[in-house]
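Text of target_35.pdb (PDB, C-alpha atoms, pLDDT in the B column) as supplied:
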ATOM      1  CA  MET A  84       2.017  23.313  -2.173  1.00 71.00           C
ATOM      2  CA  LYS A  85       3.193  20.088  -0.662  1.00 85.00           C
ATOM      3  CA  PHE A  86       5.188  21.950   2.023  1.00 87.00           C
ATOM      4  CA  TYR A  87       2.076  23.421   3.674  1.00 87.00           C
ATOM      5  CA  THR A  88       0.373  20.034   3.734  1.00 89.00           C
ATOM      6  CA  ILE A  89       3.361  18.367   5.380  1.00 91.00           C
ATOM      7  CA  VAL A  90       3.718  21.114   7.999  1.00 91.00           C
ATOM      8  CA  ALA A  91      -0.023  20.969   8.721  1.00 92.00           C
ATOM      9  CA  TRP A  92       0.111  17.206   9.294  1.00 92.00           C
ATOM     10  CA  ILE A  93       3.219  17.429  11.486  1.00 94.00           C
ATOM     11  CA  SER A  94       1.828  20.223  13.663  1.00 95.00           C
ATOM     12  CA  GLY A  95      -1.524  18.424  13.945  1.00 93.00           C
ATOM     13  CA  ILE A  96       0.180  15.226  15.075  1.00 94.00           C
ATOM     14  CA  ILE A  97       2.312  17.112  17.608  1.00 94.00           C
ATOM     15  CA  ALA A  98      -0.833  18.803  18.953  1.00 93.00           C
ATOM     16  CA  ALA A  99      -2.587  15.436  19.295  1.00 94.00           C
ATOM     17  CA  ILE A 100       0.403  13.974  21.145  1.00 93.00           C
ATOM     18  CA  LEU A 101       0.506  16.939  23.523  1.00 89.00           C
ATOM     19  CA  MET A 102      -3.215  16.624  24.252  1.00 90.00           C
ATOM     20  CA  LEU A 103      -2.742  12.930  24.907  1.00 92.00           C
ATOM     21  CA  LEU A 104       0.155  13.659  27.274  1.00 88.00           C
ATOM     22  CA  GLY A 105      -2.008  16.214  29.080  1.00 86.00           C
ATOM     23  CA  ALA A 106      -4.775  13.649  29.527  1.00 87.00           C
ATOM     24  CA  ILE A 107      -2.302  11.032  30.775  1.00 87.00           C
ATOM     25  CA  SER A 108      -0.795  13.538  33.201  1.00 84.00           C
ATOM     26  CA  LEU A 109      -4.258  14.413  34.487  1.00 83.00           C
ATOM     27  CA  VAL A 110      -5.236  10.785  35.025  1.00 87.00           C
ATOM     28  CA  LEU A 111      -1.954   9.692  36.612  1.00 83.00           C
ATOM     29  CA  GLY A 112      -1.433  12.837  38.639  1.00 79.00           C
ATOM     30  CA  ASN A 113       2.290  12.803  37.858  1.00 76.00           C
ATOM     31  CA  ASN A 114       4.497  15.550  36.527  1.00 76.00           C
ATOM     32  CA  LEU A 115       5.415  14.257  33.099  1.00 73.00           C
ATOM     33  CA  PHE A 116       8.597  15.858  31.761  1.00 73.00           C
ATOM     34  CA  GLY A 117       8.622  18.254  34.709  1.00 75.00           C
ATOM     35  CA  VAL A 118       5.415  20.033  33.653  1.00 71.00           C
ATOM     36  CA  ARG A 119       3.474  20.916  36.789  1.00 74.00           C
ATOM     37  CA  HIS A 120       0.073  21.852  35.369  1.00 77.00           C
ATOM     38  CA  GLU A 121      -1.899  19.908  32.769  1.00 72.00           C
ATOM     39  CA  ALA A 122      -3.161  23.133  31.214  1.00 78.00           C
ATOM     40  CA  ASN A 123       0.323  23.855  29.876  1.00 82.00           C
ATOM     41  CA  TYR A 124       0.024  20.867  27.521  1.00 83.00           C
ATOM     42  CA  TYR A 125      -3.236  22.213  26.111  1.00 86.00           C
ATOM     43  CA  ILE A 126      -1.941  25.765  25.747  1.00 88.00           C
ATOM     44  CA  VAL A 127       0.974  24.572  23.621  1.00 88.00           C
ATOM     45  CA  ALA A 128      -1.267  22.133  21.716  1.00 91.00           C
ATOM     46  CA  SER A 129      -3.622  24.953  20.752  1.00 92.00           C
ATOM     47  CA  SER A 130      -0.696  26.830  19.205  1.00 93.00           C
ATOM     48  CA  PHE A 131       0.191  23.812  17.087  1.00 93.00           C
ATOM     49  CA  LEU A 132      -3.453  23.429  16.041  1.00 93.00           C
ATOM     50  CA  LEU A 133      -3.547  27.070  14.979  1.00 93.00           C
ATOM     51  CA  LEU A 134      -0.380  26.506  12.944  1.00 91.00           C
ATOM     52  CA  ALA A 135      -2.026  23.510  11.261  1.00 93.00           C
ATOM     53  CA  ILE A 136      -5.119  25.567  10.410  1.00 92.00           C
ATOM     54  CA  LEU A 137      -2.943  28.364   9.033  1.00 92.00           C
ATOM     55  CA  CYS A 138      -1.049  25.919   6.823  1.00 91.00           C
ATOM     56  CA  VAL A 139      -4.274  24.416   5.476  1.00 90.00           C
ATOM     57  CA  LEU A 140      -5.600  27.877   4.646  1.00 91.00           C
ATOM     58  CA  ALA A 141      -2.299  28.879   3.046  1.00 89.00           C
ATOM     59  CA  ASN A 142      -2.362  25.702   0.961  1.00 87.00           C
ATOM     60  CA  GLN A 143      -5.888  26.475  -0.229  1.00 87.00           C
ATOM     61  CA  GLY A 144      -4.850  30.035  -1.048  1.00 84.00           C
ATOM     62  CA  CYS A 145      -1.889  28.847  -3.103  1.00 81.00           C
ATOM     63  CA  CYS A 146      -3.934  26.244  -4.961  1.00 78.00           C
ATOM     64  CA  SER A 147      -6.748  28.677  -5.799  1.00 72.00           C
ATOM     65  CA  ASP A 148      -4.244  31.146  -7.324  1.00 61.00           C
ATOM     66  CA  LYS A 149      -2.884  28.528  -9.729  1.00 60.00           C
ATOM     67  CA  LYS A 150      -6.337  27.532 -11.034  1.00 53.00           C
ATOM     68  CA  ASP A 151      -7.335  31.069 -12.060  1.00 45.00           C
TER      69      ASP A 151
END
Please, can you express the file's structure as structure tokens?
Amino acid sequence: MKFYTIVAWISGIIAAILMLLGAISLVLGNNLFGVRHEANYYIVASSFLLLAILCVLANQGCCSDKKD
């Protein structure tokens, strides 16, 4: 379904942005958006990456059911 593909792309992009913000925060040494530890960016980003993987797998499951 198109919905799973769109959600997978959106969550993947959000995860990439969060990882980039974590890297910028680490290099600059500043508290971006009030987040004190850089690891918090990566913890949230991993959740979005897992959501993207789940959506890709759900999309493959839906597409394989229609072909049979």
field: Test item: the PyMOL selection byres ((chain A and resi 91-103) around 8) resolved as a count of residues only
entry: 21
message: Please determine, counting all atoms listed in the file, which residue among A:Cys146, A:Leu140, A:Leu133, A:Ala122 has the shortest atom-to-atom distance to Leu109 in chain A.
response: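 Selected residue with least distance to Leu109 in chain A: A:Ala122.
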Around range 130-144 of chain A, with edges along x, y and z and 3 Å added on all six sides, what centre and edge lengths do you get, in Å to one decimal, as AutoDock Vina command-line options?
--center_x -2.8 --center_y 26.7 --center_z 9.1 --size_x 12.1 --size_y 12.6 --size_z 26.3
statement: Expressed in Å, the length from CA of Ile126 in chain A to CA of Ala141 in chain A is 22.9 Å
message: For a test of reading the model, state the distance in Å between CA of Lys85 in chain A and CA of Ser147 in chain A, rounded to one decimal.
response: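 A separation of 14.1 Å between them.
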query: Which distance in Å separates CA of Asn142 in chain A and CA of Phe86 in chain A, to one decimal?
result: 8.5 Å
